[in-house]
Structures are given as C-alpha cells and as structure tokens.
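Everything below belongs to structure.pdb, which stores PDB, N, CA and C atoms.
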```
ATOM      1  N   LEU A   1      57.806  84.767 119.681
ATOM      2  CA  LEU A   1      58.183  86.142 119.935
ATOM      3  C   LEU A   1      57.196  87.104 119.280
ATOM      4  N   ASP A   2      56.981  88.191 119.958
ATOM      5  CA  ASP A   2      56.090  89.196 119.369
ATOM      6  C   ASP A   2      56.832  89.952 118.261
ATOM      7  N   PRO A   3      56.116  90.603 117.350
ATOM      8  CA  PRO A   3      56.743  91.288 116.210
ATOM      9  C   PRO A   3      57.803  92.315 116.611
ATOM     10  N   LYS A   4      57.555  93.046 117.700
ATOM     11  CA  LYS A   4      58.536  94.045 118.146
ATOM     12  C   LYS A   4      59.839  93.370 118.555
ATOM     13  N   ARG A   5      59.728  92.304 119.289
ATOM     14  CA  ARG A   5      60.921  91.565 119.757
ATOM     15  C   ARG A   5      61.662  90.954 118.564
ATOM     16  N   GLN A   6      60.924  90.477 117.569
ATOM     17  CA  GLN A   6      61.550  89.918 116.365
ATOM     18  C   GLN A   6      62.350  90.986 115.625
ATOM     19  N   ARG A   7      61.775  92.194 115.511
ATOM     20  CA  ARG A   7      62.493  93.295 114.848
ATOM     21  C   ARG A   7      63.756  93.655 115.611
ATOM     22  N   GLU A   8      63.665  93.702 116.926
ATOM     23  CA  GLU A   8      64.832  94.024 117.746
ATOM     24  C   GLU A   8      65.925  92.968 117.571
ATOM     25  N   LYS A   9      65.511  91.722 117.545
ATOM     26  CA  LYS A   9      66.477  90.628 117.392
ATOM     27  C   LYS A   9      67.158  90.695 116.017
ATOM     28  N   ARG A  10      66.391  90.978 114.964
ATOM     29  CA  ARG A  10      66.971  91.120 113.618
ATOM     30  C   ARG A  10      67.942  92.295 113.569
ATOM     31  N   ALA A  11      67.589  93.397 114.213
ATOM     32  CA  ALA A  11      68.457  94.579 114.236
ATOM     33  C   ALA A  11      69.769  94.265 114.966
ATOM     34  N   GLN A  12      69.690  93.543 116.072
ATOM     35  CA  GLN A  12      70.898  93.153 116.808
ATOM     36  C   GLN A  12      71.774  92.240 115.966
ATOM     37  N   GLN A  13      71.159  91.301 115.270
ATOM     38  CA  GLN A  13      71.912  90.375 114.423
ATOM     39  C   GLN A  13      72.616  91.126 113.299
ATOM     40  N   LYS A  14      71.911  92.064 112.693
ATOM     41  CA  LYS A  14      72.496  92.851 111.602
ATOM     42  C   LYS A  14      73.668  93.685 112.118
ATOM     43  N   GLU A  15      73.507  94.284 113.281
ATOM     44  CA  GLU A  15      74.588  95.084 113.876
ATOM     45  C   GLU A  15      75.807  94.204 114.160
ATOM     46  N   TYR A  16      75.573  93.009 114.691
ATOM     47  CA  TYR A  16      76.666  92.070 114.962
ATOM     48  C   TYR A  16      77.381  91.706 113.660
ATOM     49  N   GLU A  17      76.631  91.389 112.617
ATOM     50  CA  GLU A  17      77.233  91.001 111.339
ATOM     51  C   GLU A  17      78.035  92.151 110.736
ATOM     52  N   THR A  18      77.517  93.361 110.833
ATOM     53  CA  THR A  18      78.224  94.530 110.314
ATOM     54  C   THR A  18      79.532  94.736 111.066
ATOM     55  N   THR A  19      79.513  94.615 112.372
ATOM     56  CA  THR A  19      80.719  94.767 113.185
ATOM     57  C   THR A  19      81.724  93.673 112.849
ATOM     58  N   GLU A  20      81.254  92.448 112.737
ATOM     59  CA  GLU A  20      82.140  91.328 112.406
ATOM     60  C   GLU A  20      82.788  91.551 111.041
ATOM     61  N   GLN A  21      82.029  91.968 110.067
ATOM     62  CA  GLN A  21      82.572  92.202 108.728
ATOM     63  C   GLN A  21      83.589  93.341 108.744
ATOM     64  N   SER A  22      83.297  94.398 109.474
ATOM     65  CA  SER A  22      84.228  95.524 109.571
ATOM     66  C   SER A  22      85.551  95.091 110.205
ATOM     67  N   LEU A  23      85.470  94.289 111.241
ATOM     68  CA  LEU A  23      86.690  93.795 111.891
ATOM     69  C   LEU A  23      87.479  92.894 110.950
ATOM     70  N   ARG A  24      86.799  92.049 110.212
ATOM     71  CA  ARG A  24      87.489  91.179 109.255
ATOM     72  C   ARG A  24      88.223  92.003 108.193
ATOM     73  N   ILE A  25      87.611  93.097 107.761
ATOM     74  CA  ILE A  25      88.257  93.969 106.776
ATOM     75  C   ILE A  25      89.518  94.598 107.371
ATOM     76  N   VAL A  26      89.431  95.079 108.600
ATOM     77  CA  VAL A  26      90.604  95.672 109.267
ATOM     78  C   VAL A  26      91.722  94.642 109.391
ATOM     79  N   TYR A  27      91.400  93.438 109.853
ATOM     80  CA  TYR A  27      92.417  92.394 110.012
ATOM     81  C   TYR A  27      93.022  92.008 108.666
ATOM     82  N   ALA A  28      92.200  91.949 107.637
ATOM     83  CA  ALA A  28      92.698  91.596 106.302
ATOM     84  C   ALA A  28      93.662  92.658 105.793
ATOM     85  N   GLN A  29      93.302  93.924 105.973
ATOM     86  CA  GLN A  29      94.194  94.993 105.522
ATOM     87  C   GLN A  29      95.514  94.957 106.288
ATOM     88  N   GLU A  30      95.465  94.674 107.568
ATOM     89  CA  GLU A  30      96.696  94.557 108.349
ATOM     90  C   GLU A  30      97.551  93.391 107.853
ATOM     91  N   ALA A  31      96.912  92.296 107.482
ATOM     92  CA  ALA A  31      97.646  91.146 106.954
ATOM     93  C   ALA A  31      98.293  91.482 105.619
ATOM     94  N   VAL A  32      97.586  92.218 104.768
ATOM     95  CA  VAL A  32      98.154  92.639 103.482
ATOM     96  C   VAL A  32      99.366  93.531 103.728
ATOM     97  N   LEU A  33      99.255  94.472 104.653
ATOM     98  CA  LEU A  33     100.362  95.380 104.947
ATOM     99  C   LEU A  33     101.630  94.622 105.328
ATOM    100  N   GLN A  34     101.472  93.528 106.054
ATOM    101  CA  GLN A  34     102.632  92.744 106.482
ATOM    102  C   GLN A  34     103.352  92.076 105.319
ATOM    103  N   LYS A  35     102.690  91.972 104.185
ATOM    104  CA  LYS A  35     103.285  91.312 103.027
ATOM    105  C   LYS A  35     103.930  92.291 102.037
ATOM    106  N   LEU A  36     103.788  93.586 102.286
ATOM    107  CA  LEU A  36     104.269  94.591 101.346
ATOM    108  C   LEU A  36     105.679  95.071 101.676
ATOM    109  N   LYS A  37     106.419  95.498 100.658
ATOM    110  CA  LYS A  37     107.771  96.049 100.846
ATOM    111  C   LYS A  37     107.711  97.391 101.579
ATOM    112  N   ASP A  38     106.714  98.216 101.256
ATOM    113  CA  ASP A  38     106.575  99.539 101.862
ATOM    114  C   ASP A  38     105.142  99.712 102.348
ATOM    115  N   PRO A  39     104.811  99.133 103.497
ATOM    116  CA  PRO A  39     103.425  99.175 103.970
ATOM    117  C   PRO A  39     102.903 100.586 104.231
ATOM    118  N   ASP A  40     103.794 101.521 104.548
ATOM    119  CA  ASP A  40     103.344 102.891 104.813
ATOM    120  C   ASP A  40     102.790 103.573 103.566
ATOM    121  N   SER A  41     103.146 103.061 102.399
ATOM    122  CA  SER A  41     102.689 103.673 101.153
ATOM    123  C   SER A  41     101.372 103.076 100.643
ATOM    124  N   ALA A  42     100.859 102.071 101.310
ATOM    125  CA  ALA A  42      99.703 101.319 100.817
ATOM    126  C   ALA A  42      98.433 102.163 100.731
ATOM    127  N   LYS A  43      97.731 101.959  99.619
ATOM    128  CA  LYS A  43      96.421 102.562  99.411
ATOM    129  C   LYS A  43      95.471 101.438  99.006
ATOM    130  N   PHE A  44      94.339 101.353  99.697
ATOM    131  CA  PHE A  44      93.360 100.304  99.436
ATOM    132  C   PHE A  44      92.163 100.879  98.686
ATOM    133  N   LYS A  45      91.534 100.039  97.873
ATOM    134  CA  LYS A  45      90.252 100.414  97.262
ATOM    135  C   LYS A  45      89.453  99.145  96.969
ATOM    136  N   ASP A  46      88.159  99.337  96.810
ATOM    137  CA  ASP A  46      87.244  98.239  96.472
ATOM    138  C   ASP A  46      87.386  97.060  97.434
ATOM    139  N   VAL A  47      87.505  97.341  98.718
ATOM    140  CA  VAL A  47      87.670  96.295  99.734
ATOM    141  C   VAL A  47      86.294  95.924 100.272
ATOM    142  N   TYR A  48      86.025  94.620 100.310
ATOM    143  CA  TYR A  48      84.718  94.180 100.793
ATOM    144  C   TYR A  48      84.798  92.779 101.404
ATOM    145  N   PHE A  49      83.825  92.516 102.253
ATOM    146  CA  PHE A  49      83.675  91.206 102.893
ATOM    147  C   PHE A  49      82.955  90.284 101.924
ATOM    148  N   SER A  50      83.397  89.040 101.877
ATOM    149  CA  SER A  50      82.780  88.064 100.982
ATOM    150  C   SER A  50      82.652  86.730 101.704
ATOM    151  N   LYS A  51      81.541  86.063 101.482
ATOM    152  CA  LYS A  51      81.361  84.719 102.015
ATOM    153  C   LYS A  51      81.191  83.795 100.826
ATOM    154  N   SER A  52      82.092  82.840 100.697
ATOM    155  CA  SER A  52      82.065  81.943  99.540
ATOM    156  C   SER A  52      80.918  80.950  99.654
ATOM    157  N   SER A  53      80.678  80.237  98.575
ATOM    158  CA  SER A  53      79.593  79.253  98.562
ATOM    159  C   SER A  53      79.835  78.132  99.570
ATOM    160  N   ASP A  54      81.110  77.874  99.911
ATOM    161  CA  ASP A  54      81.396  76.862 100.935
ATOM    162  C   ASP A  54      81.579  77.500 102.310
ATOM    163  N   ASN A  55      81.004  78.714 102.479
ATOM    164  CA  ASN A  55      80.884  79.392 103.764
ATOM    165  C   ASN A  55      82.209  79.904 104.339
ATOM    166  N   LEU A  56      83.201  80.150 103.497
ATOM    167  CA  LEU A  56      84.442  80.755 103.959
ATOM    168  C   LEU A  56      84.269  82.264 104.013
ATOM    169  N   ALA A  57      84.619  82.862 105.134
ATOM    170  CA  ALA A  57      84.544  84.312 105.279
ATOM    171  C   ALA A  57      85.889  84.900 104.884
ATOM    172  N   LEU A  58      85.884  85.715 103.837
ATOM    173  CA  LEU A  58      87.109  86.291 103.304
ATOM    174  C   LEU A  58      86.907  87.773 103.019
ATOM    175  N   VAL A  59      88.032  88.447 102.805
ATOM    176  CA  VAL A  59      87.997  89.840 102.384
ATOM    177  C   VAL A  59      88.727  89.924 101.049
ATOM    178  N   CYS A  60      88.114  90.631 100.122
ATOM    179  CA  CYS A  60      88.677  90.815  98.789
ATOM    180  C   CYS A  60      88.864  92.308  98.570
ATOM    181  N   GLY A  61      89.856  92.647  97.761
ATOM    182  CA  GLY A  61      90.063  94.056  97.468
ATOM    183  C   GLY A  61      91.276  94.283  96.605
ATOM    184  N   LYS A  62      91.680  95.548  96.523
ATOM    185  CA  LYS A  62      92.843  95.939  95.738
ATOM    186  C   LYS A  62      93.744  96.818  96.598
ATOM    187  N   VAL A  63      95.054  96.687  96.369
ATOM    188  CA  VAL A  63      96.026  97.504  97.091
ATOM    189  C   VAL A  63      97.088  97.997  96.117
ATOM    190  N   ASN A  64      97.520  99.221  96.322
ATOM    191  CA  ASN A  64      98.613  99.810  95.558
ATOM    192  C   ASN A  64      99.663 100.242  96.568
ATOM    193  N   ALA A  65     100.909  99.875  96.321
ATOM    194  CA  ALA A  65     101.989 100.237  97.242
ATOM    195  C   ALA A  65     103.290 100.336  96.468
ATOM    196  N   LYS A  66     104.270 100.960  97.105
ATOM    197  CA  LYS A  66     105.574 101.098  96.471
ATOM    198  C   LYS A  66     106.346  99.782  96.565
ATOM    199  N   ASN A  67     107.111  99.514  95.527
ATOM    200  CA  ASN A  67     107.963  98.327  95.511
ATOM    201  C   ASN A  67     109.345  98.675  96.074
ATOM    202  N   ALA A  68     110.291  97.761  95.970
ATOM    203  CA  ALA A  68     111.630  97.959  96.514
ATOM    204  C   ALA A  68     112.365  99.123  95.850
ATOM    205  N   PHE A  69     111.944  99.520  94.660
ATOM    206  CA  PHE A  69     112.573 100.624  93.941
ATOM    207  C   PHE A  69     111.906 101.967  94.236
ATOM    208  N   GLY A  70     110.871 101.958  95.084
ATOM    209  CA  GLY A  70     110.187 103.185  95.458
ATOM    210  C   GLY A  70     109.111 103.638  94.488
ATOM    211  N   ALA A  71     108.738 102.778  93.566
ATOM    212  CA  ALA A  71     107.704 103.111  92.580
ATOM    213  C   ALA A  71     106.403 102.384  92.928
ATOM    214  N   PHE A  72     105.286 103.079  92.716
ATOM    215  CA  PHE A  72     103.997 102.419  92.911
ATOM    216  C   PHE A  72     103.803 101.368  91.820
ATOM    217  N   THR A  73     103.227 100.250  92.194
ATOM    218  CA  THR A  73     103.073  99.115  91.270
ATOM    219  C   THR A  73     101.726  99.108  90.560
ATOM    220  N   GLY A  74     100.798  99.940  90.989
ATOM    221  CA  GLY A  74      99.442  99.890  90.460
ATOM    222  C   GLY A  74      98.590  98.993  91.348
ATOM    223  N   PHE A  75      97.297  99.170  91.284
ATOM    224  CA  PHE A  75      96.417  98.390  92.154
ATOM    225  C   PHE A  75      96.426  96.923  91.751
ATOM    226  N   LYS A  76      96.674  96.071  92.750
ATOM    227  CA  LYS A  76      96.674  94.618  92.578
ATOM    228  C   LYS A  76      95.638  94.031  93.530
ATOM    229  N   ARG A  77      94.993  92.978  93.080
ATOM    230  CA  ARG A  77      93.954  92.336  93.892
ATOM    231  C   ARG A  77      94.573  91.496  95.017
ATOM    232  N   PHE A  78      93.794  91.314  96.083
ATOM    233  CA  PHE A  78      94.190  90.432  97.182
ATOM    234  C   PHE A  78      92.967  89.709  97.721
ATOM    235  N   ILE A  79      93.240  88.572  98.349
ATOM    236  CA  ILE A  79      92.233  87.790  99.072
ATOM    237  C   ILE A  79      92.840  87.471 100.428
ATOM    238  N   SER A  80      92.091  87.683 101.500
ATOM    239  CA  SER A  80      92.636  87.452 102.839
ATOM    240  C   SER A  80      91.552  86.985 103.801
ATOM    241  N   ASN A  81      91.978  86.155 104.749
ATOM    242  CA  ASN A  81      91.083  85.816 105.856
ATOM    243  C   ASN A  81      91.541  86.501 107.139
ATOM    244  N   GLY A  82      92.485  87.441 107.000
ATOM    245  CA  GLY A  82      92.930  88.218 108.152
ATOM    246  C   GLY A  82      94.227  87.753 108.760
ATOM    247  N   VAL A  83      94.846  86.742 108.172
ATOM    248  CA  VAL A  83      96.106  86.198 108.673
ATOM    249  C   VAL A  83      97.131  86.279 107.540
ATOM    250  N   PRO A  84      98.332  86.809 107.806
ATOM    251  CA  PRO A  84      99.314  86.951 106.719
ATOM    252  C   PRO A  84      99.609  85.650 105.964
ATOM    253  N   GLU A  85      99.652  84.541 106.668
ATOM    254  CA  GLU A  85      99.982  83.260 106.033
ATOM    255  C   GLU A  85      98.916  82.807 105.036
ATOM    256  N   THR A  86      97.723  83.293 105.200
ATOM    257  CA  THR A  86      96.651  82.930 104.274
ATOM    258  C   THR A  86      96.064  84.182 103.625
ATOM    259  N   THR A  87      96.952  85.113 103.321
ATOM    260  CA  THR A  87      96.621  86.312 102.562
ATOM    261  C   THR A  87      97.371  86.215 101.253
ATOM    262  N   PHE A  88      96.655  86.376 100.163
ATOM    263  CA  PHE A  88      97.249  86.147  98.845
ATOM    264  C   PHE A  88      97.161  87.403  97.992
ATOM    265  N   LEU A  89      98.323  87.837  97.503
ATOM    266  CA  LEU A  89      98.407  88.985  96.612
ATOM    267  C   LEU A  89      98.472  88.485  95.183
ATOM    268  N   GLU A  90      97.828  89.208  94.307
ATOM    269  CA  GLU A  90      97.716  88.800  92.904
ATOM    270  C   GLU A  90      99.063  88.459  92.281
ATOM    271  N   GLN A  91     100.073  89.274  92.555
ATOM    272  CA  GLN A  91     101.370  89.073  91.923
ATOM    273  C   GLN A  91     102.142  87.886  92.494
ATOM    274  N   GLU A  92     101.676  87.312  93.588
ATOM    275  CA  GLU A  92     102.375  86.191  94.225
ATOM    276  C   GLU A  92     101.833  84.819  93.847
ATOM    277  N   VAL A  93     100.636  84.784  93.279
ATOM    278  CA  VAL A  93      99.959  83.508  93.069
ATOM    279  C   VAL A  93      99.694  83.283  91.585
ATOM    280  N   GLU A  94     100.231  82.194  91.084
ATOM    281  CA  GLU A  94      99.933  81.823  89.706
ATOM    282  C   GLU A  94      98.457  81.437  89.638
ATOM    283  N   ASP A  95      97.789  81.821  88.585
ATOM    284  CA  ASP A  95      96.371  81.509  88.397
ATOM    285  C   ASP A  95      95.486  82.144  89.489
ATOM    286  N   PHE A  96      95.878  83.328  89.946
ATOM    287  CA  PHE A  96      95.139  84.039  90.987
ATOM    288  C   PHE A  96      93.681  84.260  90.597
ATOM    289  N   HIS A  97      93.450  84.533  89.316
ATOM    290  CA  HIS A  97      92.089  84.843  88.876
ATOM    291  C   HIS A  97      91.099  83.715  89.161
ATOM    292  N   THR A  98      91.569  82.467  89.192
ATOM    293  CA  THR A  98      90.677  81.343  89.519
ATOM    294  C   THR A  98      90.168  81.471  90.952
ATOM    295  N   SER A  99      91.076  81.769  91.871
ATOM    296  CA  SER A  99      90.670  81.958  93.271
ATOM    297  C   SER A  99      89.782  83.182  93.418
ATOM    298  N   TRP A 100      90.134  84.252  92.718
ATOM    299  CA  TRP A 100      89.332  85.484  92.781
ATOM    300  C   TRP A 100      87.895  85.195  92.316
ATOM    301  N   ASN A 101      87.776  84.492  91.206
ATOM    302  CA  ASN A 101      86.447  84.178  90.676
ATOM    303  C   ASN A 101      85.672  83.269  91.611
ATOM    304  N   ARG A 102      86.348  82.411  92.322
ATOM    305  CA  ARG A 102      85.666  81.483  93.223
ATOM    306  C   ARG A 102      85.249  82.150  94.538
ATOM    307  N   PHE A 103      86.125  82.976  95.096
ATOM    308  CA  PHE A 103      85.877  83.502  96.438
ATOM    309  C   PHE A 103      85.375  84.941  96.474
ATOM    310  N   CYS A 104      85.608  85.677  95.422
ATOM    311  CA  CYS A 104      85.245  87.099  95.459
ATOM    312  C   CYS A 104      84.138  87.396  94.471
TER     313      CYS A 104
END
```
Rewritten as structure tokens:
Amino acid sequence: LDPKRQREKRAQQKEYETTEQSLRIVYAQEAVLQKLKDPDSAKFKDVYFSKSSDNLALVCGKVNAKNAFGAFTGFKRFISNGVPETTFLEQEVEDFHTSWNRFC
C-alpha cells in the first residue's frame, strides 16, 4: 500500500475503535443502571474502556446513586462488559479491589 492509503486505513481503524469503545461504555452504563435501586439518580464519573492483559474488553468507572432510603451512597467503583449479569458493583463483591487491580 502507498503511504496515503496506509494513513487512511489507520484513520479508519482508529475511528472504528473509538466508536466501539464508546458503545461499550454506553452498554456498560446501561447495565450498571439495571443493578441500582434508583437508576434515575445515577451519576457516573471516571468511566473508561479497558482491555485487560488477557484481552478482555471491559468498562471501569464509578457511579453514585440513591439507595432504598433515598440517600446518595457516594461514588462506588464498577466493572462491566455491558451485560447486567457480568456487571460488578464494588459493594456487591467481596475482594472487589483484586478484580479492579487486574482489569482496570
């Protein structure tokens, strides 16, 4: 391939990866919302796409939402692959920090 075509191909690949990562973040946030008592109150921060050393594509971040008593719980970490069944909230998993350190 000529240099111009190589640049175009790299630009297309980067655009595809950016779109894929953005979609994974949206799906992960939706999965987190499904696990919360009051999803309408949820506030996200520090959310990012992560690829683990064993090539797992995950989303890591923090969420703050109201609990059953209507009080905000403070920002808690989460790890998600975009599916509620494999979305893990810090307060639900014993030894969560081990997974966080490995995948995020």
Legend entry - Which of chain A fall in strand (DSSP E or B), as a PyMOL selection string: chain A and resi 38-51+57-66+72+76-80+87-89
Legend entry - Given the PyMOL selection byres ((chain A and resi 38-51) around 7), the residues it picks as a ChimeraX atom specification: /A:21,25,32-37,52-68,103-104
Inset, instruction - Please provide the set of residues having any atom within 6.5 Å of region 83-97 of chain A, restricted to only N, CA and C atoms, with same-chain residues fewer than 6 positions apart removed, written as JSON, numbers by chain. - result: {"A": [27, 28, 31, 32, 76, 77]}
Mind giving me the axis-aligned box for region 24-31 of chain A with 4 Å on every side, centre plus edges in Å to one decimal, as lines of an AutoDock Vina configuration file?
```
center_x = 92.5
center_y = 93.4
center_z = 107.9
size_x = 19.5
size_y = 12.5
size_z = 12.7
```
Legend entry - Separation of CA of Leu23 (chain A) from atom C of Gly82 (chain A), in Å and rounded to one decimal: 10.2 Å
Inset, instruction - Would you return as a ChimeraX atom specification the members of chain A that DSSP assigns to alpha helix (DSSP H) on this structure's backbone? - result: /A:3-34,96-103
Please produce a file of those selected residues containing N, CA and C atoms, as a compact mmCIF listing (two decimals), in the frame of the given file.
```
# COMPACT_ATOMS: atom_id res chain seq x y z
N PRO A 3 56.12 90.60 117.35
CA PRO A 3 56.74 91.29 116.21
C PRO A 3 57.80 92.32 116.61
N LYS A 4 57.56 93.05 117.70
CA LYS A 4 58.54 94.04 118.15
C LYS A 4 59.84 93.37 118.56
N ARG A 5 59.73 92.30 119.29
CA ARG A 5 60.92 91.56 119.76
C ARG A 5 61.66 90.95 118.56
N GLN A 6 60.92 90.48 117.57
CA GLN A 6 61.55 89.92 116.36
C GLN A 6 62.35 90.99 115.62
N ARG A 7 61.78 92.19 115.51
CA ARG A 7 62.49 93.30 114.85
C ARG A 7 63.76 93.66 115.61
N GLU A 8 63.66 93.70 116.93
CA GLU A 8 64.83 94.02 117.75
C GLU A 8 65.92 92.97 117.57
N LYS A 9 65.51 91.72 117.54
CA LYS A 9 66.48 90.63 117.39
C LYS A 9 67.16 90.70 116.02
N ARG A 10 66.39 90.98 114.96
CA ARG A 10 66.97 91.12 113.62
C ARG A 10 67.94 92.30 113.57
N ALA A 11 67.59 93.40 114.21
CA ALA A 11 68.46 94.58 114.24
C ALA A 11 69.77 94.26 114.97
N GLN A 12 69.69 93.54 116.07
CA GLN A 12 70.90 93.15 116.81
C GLN A 12 71.77 92.24 115.97
N GLN A 13 71.16 91.30 115.27
CA GLN A 13 71.91 90.38 114.42
C GLN A 13 72.62 91.13 113.30
N LYS A 14 71.91 92.06 112.69
CA LYS A 14 72.50 92.85 111.60
C LYS A 14 73.67 93.68 112.12
N GLU A 15 73.51 94.28 113.28
CA GLU A 15 74.59 95.08 113.88
C GLU A 15 75.81 94.20 114.16
N TYR A 16 75.57 93.01 114.69
CA TYR A 16 76.67 92.07 114.96
C TYR A 16 77.38 91.71 113.66
N GLU A 17 76.63 91.39 112.62
CA GLU A 17 77.23 91.00 111.34
C GLU A 17 78.04 92.15 110.74
N THR A 18 77.52 93.36 110.83
CA THR A 18 78.22 94.53 110.31
C THR A 18 79.53 94.74 111.07
N THR A 19 79.51 94.62 112.37
CA THR A 19 80.72 94.77 113.18
C THR A 19 81.72 93.67 112.85
N GLU A 20 81.25 92.45 112.74
CA GLU A 20 82.14 91.33 112.41
C GLU A 20 82.79 91.55 111.04
N GLN A 21 82.03 91.97 110.07
CA GLN A 21 82.57 92.20 108.73
C GLN A 21 83.59 93.34 108.74
N SER A 22 83.30 94.40 109.47
CA SER A 22 84.23 95.52 109.57
C SER A 22 85.55 95.09 110.20
N LEU A 23 85.47 94.29 111.24
CA LEU A 23 86.69 93.80 111.89
C LEU A 23 87.48 92.89 110.95
N ARG A 24 86.80 92.05 110.21
CA ARG A 24 87.49 91.18 109.26
C ARG A 24 88.22 92.00 108.19
N ILE A 25 87.61 93.10 107.76
CA ILE A 25 88.26 93.97 106.78
C ILE A 25 89.52 94.60 107.37
N VAL A 26 89.43 95.08 108.60
CA VAL A 26 90.60 95.67 109.27
C VAL A 26 91.72 94.64 109.39
N TYR A 27 91.40 93.44 109.85
CA TYR A 27 92.42 92.39 110.01
C TYR A 27 93.02 92.01 108.67
N ALA A 28 92.20 91.95 107.64
CA ALA A 28 92.70 91.60 106.30
C ALA A 28 93.66 92.66 105.79
N GLN A 29 93.30 93.92 105.97
CA GLN A 29 94.19 94.99 105.52
C GLN A 29 95.51 94.96 106.29
N GLU A 30 95.46 94.67 107.57
CA GLU A 30 96.70 94.56 108.35
C GLU A 30 97.55 93.39 107.85
N ALA A 31 96.91 92.30 107.48
CA ALA A 31 97.65 91.15 106.95
C ALA A 31 98.29 91.48 105.62
N VAL A 32 97.59 92.22 104.77
CA VAL A 32 98.15 92.64 103.48
C VAL A 32 99.37 93.53 103.73
N LEU A 33 99.26 94.47 104.65
CA LEU A 33 100.36 95.38 104.95
C LEU A 33 101.63 94.62 105.33
N GLN A 34 101.47 93.53 106.05
CA GLN A 34 102.63 92.74 106.48
C GLN A 34 103.35 92.08 105.32
N PHE A 96 95.88 83.33 89.95
CA PHE A 96 95.14 84.04 90.99
C PHE A 96 93.68 84.26 90.60
N HIS A 97 93.45 84.53 89.32
CA HIS A 97 92.09 84.84 88.88
C HIS A 97 91.10 83.72 89.16
N THR A 98 91.57 82.47 89.19
CA THR A 98 90.68 81.34 89.52
C THR A 98 90.17 81.47 90.95
N SER A 99 91.08 81.77 91.87
CA SER A 99 90.67 81.96 93.27
C SER A 99 89.78 83.18 93.42
N TRP A 100 90.13 84.25 92.72
CA TRP A 100 89.33 85.48 92.78
C TRP A 100 87.90 85.20 92.32
N ASN A 101 87.78 84.49 91.21
CA ASN A 101 86.45 84.18 90.68
C ASN A 101 85.67 83.27 91.61
N ARG A 102 86.35 82.41 92.32
CA ARG A 102 85.67 81.48 93.22
C ARG A 102 85.25 82.15 94.54
N PHE A 103 86.12 82.98 95.10
CA PHE A 103 85.88 83.50 96.44
C PHE A 103 85.38 84.94 96.47
```
Inset, instruction - Work out how far atom N of Val26 (chain A) is from atom N of Asn101 (chain A), in Å to one decimal. - result: 20.4 Å
Legend entry - Atomic distance atom N of Thr18 (chain A) - atom C of Asn81 (chain A), expressed in Å with one decimal: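 Atom C of Asn81 (chain A) lies 16.0 Å from atom N of Thr18 (chain A).
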